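Next up, input37.txt (compact mmCIF, C-alpha atoms and all ligand atoms):
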```txt
# COMPACT_ATOMS: atom_id res chain seq x y z
CA MET A 1 48.02 68.31 21.15
CA GLU A 2 44.68 69.19 22.62
CA ALA A 3 44.94 66.72 25.45
CA GLU A 4 48.31 68.16 26.31
CA SER A 5 47.14 71.73 26.51
CA SER A 6 44.11 70.90 28.59
CA ALA A 7 46.33 69.01 31.01
CA ALA A 8 48.54 72.06 31.27
CA GLY A 9 45.48 74.19 31.88
CA ALA A 10 44.32 71.92 34.67
CA ALA A 11 47.72 72.05 36.29
CA ALA A 12 47.78 75.83 36.13
CA GLY A 13 44.28 75.96 37.54
CA ALA A 14 45.31 73.79 40.43
CA THR A 15 48.10 76.12 41.45
CA ALA A 16 45.97 79.21 41.01
CA ALA A 17 42.92 78.04 42.95
CA GLY A 18 41.10 80.89 44.62
CA GLU A 19 43.01 84.18 44.71
CA GLY A 20 46.67 83.94 43.90
CA PRO A 21 48.75 80.84 44.24
CA THR A 22 47.92 78.75 47.26
CA VAL A 23 50.72 77.09 49.13
CA ALA A 24 50.08 73.62 50.42
CA PRO A 25 51.66 73.02 53.81
CA LEU A 26 54.70 70.80 53.81
CA GLU A 27 54.31 67.69 55.92
CA VAL A 28 57.47 67.26 57.91
CA ALA A 29 58.18 63.97 59.66
CA TYR A 30 59.72 64.37 63.09
CA CYS A 31 62.00 61.95 64.86
CA GLY A 32 60.20 59.67 67.29
CA VAL A 33 63.17 59.68 69.62
CA CYS A 34 64.47 63.23 69.86
CA SER A 35 61.51 65.05 68.19
CA LEU A 36 63.66 67.06 65.74
CA PRO A 37 63.44 66.80 61.96
CA PRO A 38 65.53 63.64 61.36
CA GLU A 39 68.15 65.56 59.41
CA TYR A 40 69.13 67.20 62.71
CA CYS A 41 69.33 63.99 64.77
CA GLU A 42 73.06 63.80 64.09
CA PHE A 43 73.62 66.76 66.40
CA GLY A 44 71.82 65.20 69.32
CA ALA A 45 73.05 62.86 71.99
CA THR A 46 70.68 60.06 71.02
CA VAL A 47 71.71 59.75 67.38
CA LYS A 48 72.16 55.96 67.53
CA LYS A 49 68.62 55.43 68.79
CA CYS A 50 67.35 58.02 66.32
CA MET A 51 68.89 56.13 63.42
CA ASP A 52 67.29 52.86 64.48
CA TRP A 53 63.94 54.52 64.84
CA LEU A 54 64.19 56.16 61.41
CA GLU A 55 65.19 52.91 59.75
CA GLY A 56 62.09 51.24 61.16
CA ASN A 57 59.68 54.09 60.54
CA HIS A 58 60.93 56.03 57.51
CA PRO A 59 63.33 53.70 55.68
CA SER A 60 63.62 55.92 52.61
CA LEU A 61 64.53 58.96 54.69
CA HIS A 62 67.00 56.83 56.61
CA GLN A 63 68.58 55.84 53.32
CA LYS A 64 68.68 59.47 52.20
CA LEU A 65 70.31 60.73 55.39
CA TYR A 66 72.66 57.93 56.32
CA SER A 67 73.76 56.31 53.06
CA SER A 68 77.51 56.46 52.55
CA GLU A 69 77.18 59.10 49.80
CA ALA A 70 75.04 61.25 52.05
CA LEU A 71 77.55 60.96 54.87
CA GLU A 72 80.36 61.89 52.53
CA SER A 73 78.69 64.97 51.10
CA LYS A 74 77.18 66.35 54.28
CA MET A 75 80.38 67.83 55.62
CA GLY A 76 79.88 70.53 53.01
CA THR A 77 82.20 73.45 53.38
CA MET A 78 83.52 72.67 56.85
CA THR A 79 87.26 72.45 57.19
CA LEU A 80 88.73 69.12 58.25
CA GLU A 81 89.83 70.67 61.52
CA ALA A 82 86.34 71.96 62.29
CA GLN A 83 84.85 68.59 61.43
CA GLN A 84 87.16 66.79 63.82
CA LYS A 85 86.44 69.23 66.58
CA ALA A 86 82.69 68.88 66.05
CA GLU A 87 82.93 65.10 66.04
CA LYS A 88 84.94 65.07 69.23
CA ASP A 89 82.44 67.34 70.97
CA LEU A 90 79.55 65.22 69.79
CA ALA A 91 81.18 62.01 71.01
CA LYS A 92 81.62 63.62 74.43
CA LYS A 93 78.01 64.73 74.44
CA GLN A 94 76.79 61.27 73.51
CA GLN A 95 78.87 59.67 76.22
CA LYS A 96 77.44 62.09 78.74
CA GLU A 97 73.93 61.30 77.59
CA GLU A 98 74.50 57.57 77.95
CA LEU A 99 75.79 58.09 81.48
CA ARG A 100 72.81 60.27 82.24
CA GLN A 101 70.42 57.60 81.03
CA GLU A 102 72.16 54.97 83.14
CA ARG A 103 71.95 57.21 86.18
CA GLU A 104 68.29 57.86 85.50
CA ALA A 105 67.54 54.14 85.26
CA ALA A 106 69.34 53.55 88.55
CA LYS A 107 67.46 56.42 90.13
CA LYS A 108 64.17 55.01 88.96
CA LYS A 109 64.95 51.71 90.61
CA SER A 110 65.53 53.36 93.95
CA SER A 111 62.78 55.99 93.77
CA VAL A 112 59.50 55.74 95.59
CA ILE A 113 56.09 57.15 94.85
CA THR A 114 54.18 57.92 98.00
CA ILE A 115 50.42 57.63 98.18
CA LYS A 116 49.27 59.29 101.36
CA ARG A 117 45.80 59.09 102.79
CA VAL A 118 45.00 62.26 104.69
CA GLU A 119 41.98 62.76 106.90
CA ARG A 120 40.56 66.19 106.25
CA THR A 121 37.53 66.22 108.49
CA LYS A 122 35.70 63.37 110.11
CA ARG A 123 35.48 60.64 107.54
CA LYS A 124 36.56 62.92 104.73
CA TYR A 125 39.78 62.03 103.06
CA VAL A 126 42.05 63.26 100.35
CA THR A 127 44.78 61.17 98.77
CA VAL A 128 48.09 62.83 98.06
CA VAL A 129 50.48 61.36 95.51
CA SER A 130 54.10 62.47 95.33
CA GLY A 131 57.35 61.35 93.75
CA ILE A 132 56.08 60.58 90.26
CA GLU A 133 58.60 62.90 88.58
CA ALA A 134 61.30 60.27 89.11
CA PHE A 135 59.35 58.11 86.69
CA GLU A 136 59.15 60.81 84.05
CA LEU A 137 55.51 61.45 84.73
CA VAL A 138 54.15 64.96 84.58
CA TYR A 139 52.07 66.03 87.56
CA LYS A 140 49.57 68.06 85.61
CA THR A 141 48.91 65.33 83.09
CA VAL A 142 48.57 62.56 85.65
CA ALA A 143 46.33 64.72 87.85
CA LYS A 144 44.02 65.25 84.91
CA GLU A 145 43.98 61.57 84.11
CA PHE A 146 43.23 60.62 87.71
CA GLY A 147 40.35 63.08 87.70
CA LYS A 148 38.89 61.46 84.62
CA LYS A 149 39.55 57.91 85.71
CA PHE A 150 38.08 58.29 89.19
CA ALA A 151 35.54 60.98 88.34
CA CYS A 152 36.66 63.15 91.20
CA GLY A 153 38.49 66.37 91.93
CA SER A 154 42.18 65.98 91.23
CA SER A 155 44.72 68.75 91.05
CA VAL A 156 48.38 69.59 91.36
CA THR A 157 49.25 71.15 94.69
CA LYS A 158 52.45 72.19 96.43
CA SER A 159 53.69 70.35 99.48
CA ALA A 160 54.88 72.25 102.53
CA ALA A 161 58.40 71.71 101.22
CA GLY A 162 57.43 73.31 97.92
CA SER A 163 57.53 70.20 95.78
CA GLU A 164 54.65 69.23 93.56
CA GLU A 165 52.09 66.59 94.43
CA ILE A 166 48.68 65.48 93.25
CA THR A 167 45.76 65.88 95.62
CA VAL A 168 42.82 63.66 94.81
CA GLN A 169 39.52 64.21 96.61
CA GLY A 170 38.46 61.02 98.29
CA ASP A 171 39.94 57.89 99.76
CA LEU A 172 41.45 56.35 96.66
CA SER A 173 44.75 55.02 97.90
CA ASP A 174 44.29 51.46 96.66
CA GLU A 175 42.75 52.49 93.37
CA ILE A 176 45.62 54.85 92.64
CA LEU A 177 48.15 52.17 93.48
CA GLU A 178 46.48 49.85 91.02
CA GLU A 179 46.33 52.55 88.35
CA LEU A 180 50.01 53.42 88.76
CA VAL A 181 50.95 49.78 88.32
CA GLU A 182 48.61 48.95 85.48
CA LYS A 183 48.49 52.08 83.42
CA TYR A 184 51.88 53.64 84.11
CA GLY A 185 53.85 50.42 84.46
CA ILE A 186 55.38 51.26 87.80
CA ASP A 187 56.68 48.44 89.92
CA GLU A 188 54.69 47.92 93.10
CA ASP A 189 57.95 47.84 95.02
CA ASN A 190 58.44 51.47 94.11
CA ILE A 191 55.14 52.59 95.58
CA ARG A 192 54.47 53.16 99.24
CA GLN A 193 51.12 53.73 100.82
CA VAL A 194 51.06 55.78 104.01
CA GLU A 195 48.48 57.30 106.23
CA GLU A 196 48.79 60.72 107.78
CA THR A 197 47.82 60.56 111.39
CA LYS A 198 46.46 63.51 113.26
CA LYS A 199 49.40 63.50 115.63
CA LYS A 200 52.60 65.08 114.50
CA GLY A 201 54.79 62.11 113.88
CA GLY A 202 58.49 62.03 113.17
CA SER A 203 57.90 59.38 110.57
CA GLY A 204 59.97 60.64 107.71
CA PRO A 205 60.27 58.62 104.55
CA GLY A 206 62.38 55.50 104.81
CA MET B 1 64.06 82.78 75.22
CA PHE B 2 63.31 79.13 75.84
CA LYS B 3 66.57 77.66 77.04
CA LYS B 4 64.75 76.25 80.01
CA PRO B 5 61.59 74.14 79.82
CA VAL B 6 58.54 76.35 79.48
CA SER B 7 56.43 76.50 82.59
CA SER B 8 53.07 77.97 81.80
CA SER B 9 50.44 79.16 84.17
CA GLY B 10 47.41 77.94 82.29
CA LYS B 11 45.76 79.28 79.20
CA THR B 12 43.03 81.78 78.55
CA LYS B 13 40.83 82.32 75.55
CA ILE B 14 41.68 85.30 73.39
CA LYS B 15 38.83 87.64 72.53
CA SER B 16 38.00 87.73 68.84
CA SER B 17 38.85 91.44 68.57
CA VAL B 18 42.29 90.81 70.02
CA GLN B 19 42.63 87.77 67.83
CA ARG B 20 41.94 89.96 64.78
CA ASN B 21 44.72 92.33 65.84
CA ILE B 22 47.18 89.50 66.26
CA ARG B 23 46.23 88.15 62.88
CA GLN B 24 46.70 91.54 61.28
CA LYS B 25 50.05 92.06 62.93
CA ILE B 26 51.21 88.66 61.72
CA CYS B 27 50.17 89.51 58.15
CA GLU B 28 51.95 92.86 58.33
CA GLN B 29 55.12 91.25 59.56
CA PHE B 30 55.03 88.33 57.17
CA PRO B 31 53.27 89.49 53.97
CA LEU B 32 54.11 86.19 52.29
CA LEU B 33 52.07 84.39 54.89
CA GLU B 34 48.93 86.33 54.06
CA PRO B 35 47.72 83.99 51.27
CA VAL B 36 47.67 81.04 53.69
CA ILE B 37 46.79 82.82 56.92
CA ASP B 38 43.34 81.23 56.86
CA ASP B 39 44.94 77.80 56.92
CA VAL B 40 47.42 78.73 59.61
CA LEU B 41 45.01 80.67 61.74
CA PRO B 42 41.41 80.01 60.69
CA LYS B 43 39.16 83.05 61.24
CA LYS B 44 36.70 81.21 63.41
CA ALA B 45 39.17 79.19 65.43
CA GLN B 46 39.57 79.97 69.10
CA LEU B 47 43.09 81.10 69.78
CA ASP B 48 44.40 80.57 73.31
CA LEU B 49 46.91 82.67 75.17
CA ILE B 50 49.45 80.80 77.25
CA LYS B 51 51.51 82.99 79.51
CA ALA B 52 55.11 81.98 79.96
CA PRO B 53 57.64 83.58 82.31
CA GLU B 54 59.36 86.88 81.49
CA LYS B 55 56.49 88.48 79.64
CA ILE B 56 56.38 85.87 76.93
CA SER B 57 53.00 85.16 75.35
CA LEU B 58 52.35 81.97 73.46
CA TYR B 59 49.47 81.86 70.99
CA ALA B 60 48.08 78.37 70.66
CA LEU B 61 45.42 76.63 68.65
CA ASP B 62 44.21 73.23 69.84
CA ASN B 63 47.08 73.10 72.33
CA GLN B 64 49.72 73.67 69.69
CA VAL B 65 51.71 76.85 69.93
CA LEU B 66 51.67 78.64 66.58
CA PHE B 67 53.27 81.97 67.42
CA PHE B 68 54.97 83.61 70.36
CA GLN B 69 55.82 87.11 71.39
CA HIS B 70 57.91 88.82 74.02
CA HIS B 71 55.99 91.71 75.59
CA ASN B 72 54.90 93.85 72.62
CA ASP B 73 57.79 93.00 70.35
CA ALA B 74 57.54 91.30 66.99
CA ILE B 75 55.42 88.18 66.77
CA MET B 76 57.45 85.10 65.92
CA PRO B 77 56.39 81.79 64.42
CA HIS B 78 56.90 78.42 66.07
CA LEU B 79 59.39 76.38 64.03
CA ARG B 80 56.64 73.90 63.18
CA ILE B 81 54.86 76.66 61.24
CA VAL B 82 58.05 77.54 59.38
CA HIS B 83 58.54 73.87 58.51
CA LYS B 84 55.05 73.78 57.03
CA TYR B 85 55.29 77.08 55.16
CA PRO B 86 59.01 77.68 54.59
CA GLN B 87 58.49 80.04 51.67
CA CYS B 88 56.39 82.42 53.76
CA PHE B 89 59.19 83.66 56.00
CA PRO B 90 62.34 85.63 55.22
CA THR B 91 65.19 83.18 55.52
CA VAL B 92 68.95 83.21 55.85
CA GLN B 93 71.29 80.25 55.95
CA VAL B 94 74.14 79.38 58.28
CA ASP B 95 77.05 77.10 57.53
CA ARG B 96 77.14 73.59 58.89
CA GLY B 97 79.60 74.48 61.62
CA ALA B 98 77.11 76.86 63.24
CA ILE B 99 74.33 74.29 63.62
CA ARG B 100 75.53 72.69 66.81
CA PHE B 101 75.98 76.06 68.47
CA ILE B 102 72.48 77.11 67.50
CA LEU B 103 71.03 73.87 68.85
CA GLY B 104 72.88 74.60 72.07
CA GLY B 105 71.07 77.91 72.34
CA ALA B 106 74.00 80.17 71.44
CA GLN B 107 73.59 83.53 69.73
CA LEU B 108 74.26 83.51 66.02
CA MET B 109 77.50 85.27 65.12
CA CYS B 110 78.05 87.01 61.80
CA PRO B 111 80.81 84.74 60.46
CA GLY B 112 78.39 81.78 60.55
CA LEU B 113 76.26 83.74 58.07
CA THR B 114 78.99 84.87 55.69
CA SER B 115 81.20 81.80 55.26
CA PRO B 116 81.04 79.71 52.04
CA GLY B 117 78.31 77.38 53.37
CA ALA B 118 76.07 80.26 54.42
CA LYS B 119 73.59 82.31 52.40
CA LEU B 120 72.37 85.86 52.81
CA PRO B 121 70.03 87.65 50.41
CA PRO B 122 71.56 89.77 47.62
CA PRO B 123 71.86 93.56 48.23
CA GLU B 124 68.47 94.26 46.63
CA GLY B 125 66.87 91.76 48.99
CA ASN B 126 68.38 93.31 52.12
CA ILE B 127 66.48 92.40 55.28
CA PRO B 128 66.44 95.25 57.83
CA GLU B 129 67.60 95.17 61.43
CA GLY B 130 64.89 94.01 63.81
CA ALA B 131 63.22 91.70 61.29
CA VAL B 132 62.22 88.21 62.31
CA VAL B 133 64.00 85.61 60.22
CA ALA B 134 64.02 81.85 59.91
CA ILE B 135 67.46 80.26 59.95
CA ASN B 136 68.15 77.41 57.58
CA ALA B 137 71.37 75.46 57.58
CA GLU B 138 73.83 74.26 54.99
CA GLY B 139 72.77 70.86 53.66
CA LYS B 140 69.45 70.89 55.55
CA GLU B 141 65.93 71.25 54.26
CA HIS B 142 64.26 72.62 57.35
CA ALA B 143 64.83 75.65 59.51
CA CYS B 144 66.54 75.17 62.86
CA MET B 145 66.10 78.57 64.47
CA ILE B 146 63.93 81.67 64.63
CA GLY B 147 65.66 84.90 65.42
CA VAL B 148 65.67 88.67 65.22
CA LEU B 149 68.29 90.40 63.07
CA LYS B 150 70.60 92.49 65.25
CA MET B 151 71.76 94.30 62.10
CA SER B 152 70.62 94.35 58.50
CA THR B 153 71.81 91.53 56.28
CA GLU B 154 73.93 94.02 54.34
CA ASP B 155 75.59 95.14 57.56
CA ILE B 156 76.26 91.54 58.49
CA LYS B 157 78.17 91.18 55.23
CA LYS B 158 80.06 94.44 55.76
CA LEU B 159 80.94 94.16 59.45
CA ASN B 160 81.15 90.37 59.63
CA LYS B 161 81.66 90.24 63.37
CA GLY B 162 79.61 90.19 66.53
CA ASN B 163 76.11 88.94 67.13
CA GLY B 164 74.17 88.87 63.87
CA VAL B 165 70.93 87.24 64.91
CA GLU B 166 69.38 86.92 68.33
CA ASN B 167 68.49 83.29 68.96
CA CYS B 168 64.86 83.33 70.08
CA HIS B 169 63.68 79.80 69.37
CA TYR B 170 65.61 76.75 68.18
CA LEU B 171 65.03 73.07 67.56
CA GLY B 172 64.95 71.20 70.85
CA ASP B 173 64.50 74.22 73.11
CA GLY B 174 61.85 74.53 75.81
CA LEU B 175 59.22 75.79 73.41
CA TRP B 176 59.90 72.99 70.96
CA LYS B 177 59.69 70.40 73.70
CA MET B 178 56.70 71.92 75.38
CA ASP B 179 54.21 69.15 75.78
CA SER B 180 50.86 69.97 74.37
CA GLU B 181 48.39 68.92 76.98
ZN ZN A 301 66.24 62.01 66.43
```

Can you present the structure in this file as structure tokens?
Amino acid sequence: MEAESSAAGAAAGATAAGEGPTVAPLEVAYCGVCSLPPEYCEFGATVKKCMDWLEGNHPSLHQKLYSSEALESKMGTMTLEAQQKAEKDLAKKQQKEELRQEREAAKKKSSVITIKRVERTKRKYVTVVSGIEAFELVYKTVAKEFGKKFACGSSVTKSAAGSEEITVQGDLSDEILEELVEKYGIDEDNIRQVEETKKKGGSGPG
Amino acid sequence: MFKKPVSSSGKTKIKSSVQRNIRQKICEQFPLLEPVIDDVLPKKAQLDLIKAPEKISLYALDNQVLFFQHHNDAIMPHLRIVHKYPQCFPTVQVDRGAIRFILGGAQLMCPGLTSPGAKLPPPEGNIPEGAVVAINAEGKEHACMIGVLKMSTEDIKKLNKGNGVENCHYLGDGLWKMDSE
């Protein structure tokens, strides 16, 4: 009897710590593929990949969301007609996404990152890197990382054409090439090193 | 508000006096959040302001956006905060059919809030027009959208047509995907 009541007291004390009831934050796991709470993966275009990821990383949640009972009950109050329409739309969306990913992969193969050595004043150089967006790299992030790695000024600038590029202070063309290959896994064939000459040259890319 | 990826122009530190005001406004808007506000927004933490296009301010702590605000309108929570403290925000529920439209960034129409799978508060719990609400969905545990009521929940029941909730932030939008750097 006594043990029971003291246990109850402890439990009550735990919920009423401090002033009023405290609410512990809920820890929500997010999908490693599409970033949403996994229960919403089914509405995305990457649901197949999402399911595989969940099975490997949160098997119990995978079971909860994708077991046959769960799949049966989830349609809830939707009419059959609405369900079919939703499924058709989703299938279309997923097909589109697959095509998009294929296109992106093809684009990556044919894209080129340019590392350009530019002479600023006599024997002072900056190195300008452009084209990394095709490899899903973010200019700002990479600029910061270059700055840290090479302990030099490194910032995102705009090219004359208005596109983004990274300007690194110093002659670091070879080092950057190496870093792009080693750290970012970019194929050397997709990187081109060029030098900007003082003369105006008609040497466009290609 | 965040259909497109969020492009920010850097962040600035928020002065502690301004930070106090923001904190107070948040507590006024979401009284249920007050007991945990110290966990959400520790008094001594340095809040950063990230300016996004179209007069949108993002309030971030350690590079994670916690709240956002258009101009001087109501302050709204990032969905991550609502996922952590679901009981601290007024909530309505849409039916399953509405989910995919919400995740596509569409406005929330009244019928999605009044059908059998949806849930609105009872008359005595009426939420007024202009209030910030979290949107849950039929069969789901976590909220999928943050919005502003375009009419009170009682009016949504009565009129049952037109735009019921303005879609301000939804799972997978630019704010959700914003990379914390
Ligand atoms: Zn997913």

Any residue with an atom at most 9 Å from ligand ZN 301 (chain A) counts, using only C-alpha atoms and all ligand atoms. Which are they? Put them as a list in words.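 Sorted by chain and then by number, the residues are Tyr30, Cys31, Gly32, Val33, Cys34, Ser35, Leu36, Pro37, Pro38, Glu39, Tyr40, Cys41, Glu42, Phe43, Gly44, Ala45, Thr46, Val47, Lys48, Lys49, Cys50, Met51, Trp53 and Leu54 of chain A.
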
Mind checking which residues fall within 7 Å of stretch 43-47 of chain B, counting all atoms listed in the file, ignoring those fewer than 5 positions away in the same chain, and posting them as a PDB file with C-alpha atoms, in the frame of the given file?
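Contents of around_2.pdb, as written:
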```pdb
ATOM      1  CA  LYS B  13      40.830  82.320  75.550  1.00  0.00           C
ATOM      2  CA  ILE B  14      41.680  85.300  73.390  1.00  0.00           C
ATOM      3  CA  GLN B  19      42.630  87.770  67.830  1.00  0.00           C
ATOM      4  CA  ASP B  38      43.340  81.230  56.860  1.00  0.00           C
ATOM      5  CA  TYR B  59      49.470  81.860  70.990  1.00  0.00           C
ATOM      6  CA  ALA B  60      48.080  78.370  70.660  1.00  0.00           C
ATOM      7  CA  LEU B  61      45.420  76.630  68.650  1.00  0.00           C
TER       8      LEU B  61
END
```

What is the distance between atom CA of A:Tyr139 and atom CA of B:Glu54, in Å to one decimal?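 Distance reported for this atom pair: 22.9 Å.
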
Go ahead and compute the interatomic distance for atom CA of A:Glu178 and atom CA of A:Glu104, in Å to one decimal.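 Interatomic distance, atom CA of A:Glu178 to atom CA of A:Glu104: 23.9 Å.
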
Excluding stretch 110-117 of chain B and its own-chain neighbours fewer than 4 positions away, which residues fall within 7 Å of it when counting all atoms listed in the file? Please give them as a list in words.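 The filter keeps Thr77 of chain A; Gln93, Val94, Asp95, Arg96, Ala98, Glu138, Ile156, Lys157, Asn160, Lys161, Gly162, Asn163 and Gly164 of chain B.
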
Please return, as a ChimeraX atom specification, all residues of chain B lying within 10 Å of chain A when all atoms listed in the file are considered. /B:33,35-36,39-40,80-88,95-101,103-104,115-118,137-144,171-172,176-177,179,181

With C-alpha atoms kept, could you save the residues just selected as a short mmCIF file (atom, residue, chain, number, x, y, z; two decimals), keeping the file's coordinate frame?
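The file below, part-v5.cif, is the result:
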```cif
data_model
loop_
_atom_site.label_atom_id
_atom_site.label_comp_id
_atom_site.auth_asym_id
_atom_site.auth_seq_id
_atom_site.Cartn_x
_atom_site.Cartn_y
_atom_site.Cartn_z
CA LEU B 33 52.07 84.39 54.89
CA PRO B 35 47.72 83.99 51.27
CA VAL B 36 47.67 81.04 53.69
CA ASP B 39 44.94 77.80 56.92
CA VAL B 40 47.42 78.73 59.61
CA ARG B 80 56.64 73.90 63.18
CA ILE B 81 54.86 76.66 61.24
CA VAL B 82 58.05 77.54 59.38
CA HIS B 83 58.54 73.87 58.51
CA LYS B 84 55.05 73.78 57.03
CA TYR B 85 55.29 77.08 55.16
CA PRO B 86 59.01 77.68 54.59
CA GLN B 87 58.49 80.04 51.67
CA CYS B 88 56.39 82.42 53.76
CA ASP B 95 77.05 77.10 57.53
CA ARG B 96 77.14 73.59 58.89
CA GLY B 97 79.60 74.48 61.62
CA ALA B 98 77.11 76.86 63.24
CA ILE B 99 74.33 74.29 63.62
CA ARG B 100 75.53 72.69 66.81
CA PHE B 101 75.98 76.06 68.47
CA LEU B 103 71.03 73.87 68.85
CA GLY B 104 72.88 74.60 72.07
CA SER B 115 81.20 81.80 55.26
CA PRO B 116 81.04 79.71 52.04
CA GLY B 117 78.31 77.38 53.37
CA ALA B 118 76.07 80.26 54.42
CA ALA B 137 71.37 75.46 57.58
CA GLU B 138 73.83 74.26 54.99
CA GLY B 139 72.77 70.86 53.66
CA LYS B 140 69.45 70.89 55.55
CA GLU B 141 65.93 71.25 54.26
CA HIS B 142 64.26 72.62 57.35
CA ALA B 143 64.83 75.65 59.51
CA CYS B 144 66.54 75.17 62.86
CA LEU B 171 65.03 73.07 67.56
CA GLY B 172 64.95 71.20 70.85
CA TRP B 176 59.90 72.99 70.96
CA LYS B 177 59.69 70.40 73.70
CA ASP B 179 54.21 69.15 75.78
CA GLU B 181 48.39 68.92 76.98
#
```

Distance criterion (only C-alpha atoms): nearest to A:Glu164 out of A:Glu87, A:Glu133, A:Asp52, A:Glu98: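 The closest residue to A:Glu164 is A:Glu133.
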
Neighbours of stretch 127-135 of chain B within 9 Å (all atoms listed in the file; same-chain residues fewer than 5 positions away dropped), as a CSV table (one decimal) with C-alpha atoms, in the frame of the given file?
```
chain,number,residue,atom,x,y,z
B,29,GLN,CA,55.1,91.2,59.6
B,30,PHE,CA,55.0,88.3,57.2
B,74,ALA,CA,57.5,91.3,67.0
B,75,ILE,CA,55.4,88.2,66.8
B,76,MET,CA,57.4,85.1,65.9
B,77,PRO,CA,56.4,81.8,64.4
B,79,LEU,CA,59.4,76.4,64.0
B,82,VAL,CA,58.0,77.5,59.4
B,86,PRO,CA,59.0,77.7,54.6
B,89,PHE,CA,59.2,83.7,56.0
B,90,PRO,CA,62.3,85.6,55.2
B,91,THR,CA,65.2,83.2,55.5
B,92,VAL,CA,69.0,83.2,55.8
B,93,GLN,CA,71.3,80.2,56.0
B,94,VAL,CA,74.1,79.4,58.3
B,121,PRO,CA,70.0,87.6,50.4
B,142,HIS,CA,64.3,72.6,57.4
B,143,ALA,CA,64.8,75.6,59.5
B,144,CYS,CA,66.5,75.2,62.9
B,145,MET,CA,66.1,78.6,64.5
B,146,ILE,CA,63.9,81.7,64.6
B,147,GLY,CA,65.7,84.9,65.4
B,148,VAL,CA,65.7,88.7,65.2
B,149,LEU,CA,68.3,90.4,63.1
B,150,LYS,CA,70.6,92.5,65.2
B,151,MET,CA,71.8,94.3,62.1
B,152,SER,CA,70.6,94.4,58.5
B,153,THR,CA,71.8,91.5,56.3
B,154,GLU,CA,73.9,94.0,54.3
B,155,ASP,CA,75.6,95.1,57.6
B,165,VAL,CA,70.9,87.2,64.9
```

So how far away is atom CA of A:Val181 from atom CA of A:Ala134, in Å?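 Interatomic distance, atom CA of A:Ala134 to atom CA of A:Val181: 14.8 Å.
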
A:Ile191 surroundings by all atoms listed in the file, 9 Å radius, close-in-sequence under 3 positions cut, as a PDB file with C-alpha atoms, in the frame of the given file:
```
ATOM      1  CA  SER A 111      62.780  55.990  93.770  1.00  0.00           C
ATOM      2  CA  VAL A 112      59.500  55.740  95.590  1.00  0.00           C
ATOM      3  CA  ILE A 113      56.090  57.150  94.850  1.00  0.00           C
ATOM      4  CA  THR A 114      54.180  57.920  98.000  1.00  0.00           C
ATOM      5  CA  ILE A 115      50.420  57.630  98.180  1.00  0.00           C
ATOM      6  CA  LEU A 177      48.150  52.170  93.480  1.00  0.00           C
ATOM      7  CA  LEU A 180      50.010  53.420  88.760  1.00  0.00           C
ATOM      8  CA  VAL A 181      50.950  49.780  88.320  1.00  0.00           C
ATOM      9  CA  ILE A 186      55.380  51.260  87.800  1.00  0.00           C
ATOM     10  CA  ASP A 187      56.680  48.440  89.920  1.00  0.00           C
ATOM     11  CA  GLU A 188      54.690  47.920  93.100  1.00  0.00           C
TER      12      GLU A 188
END
```

Write out as a list in words each polymer residue whose atoms come within 7 Å of B:Met1, counting all atoms listed in the file; drop sequence neighbours fewer than 2 positions from it. Lys3, Cys168 and His169 of chain B

Pick out the closest residue to B:Ile37 from this set: B:Asn72, B:Gln24, B:Ser57, B:Gln107. Count only C-alpha atoms.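 For B:Ile37, the nearest of the candidates is B:Gln24.
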
Six-sided padding of 3 Å per side, axis-aligned box over stretch 72-85 of chain B, centre and edges in Å, one decimal, as AutoDock Vina command-line options:
```
--center_x 57.1 --center_y 83.8 --center_z 63.9 --size_x 10.5 --size_y 26.1 --size_z 23.5
```
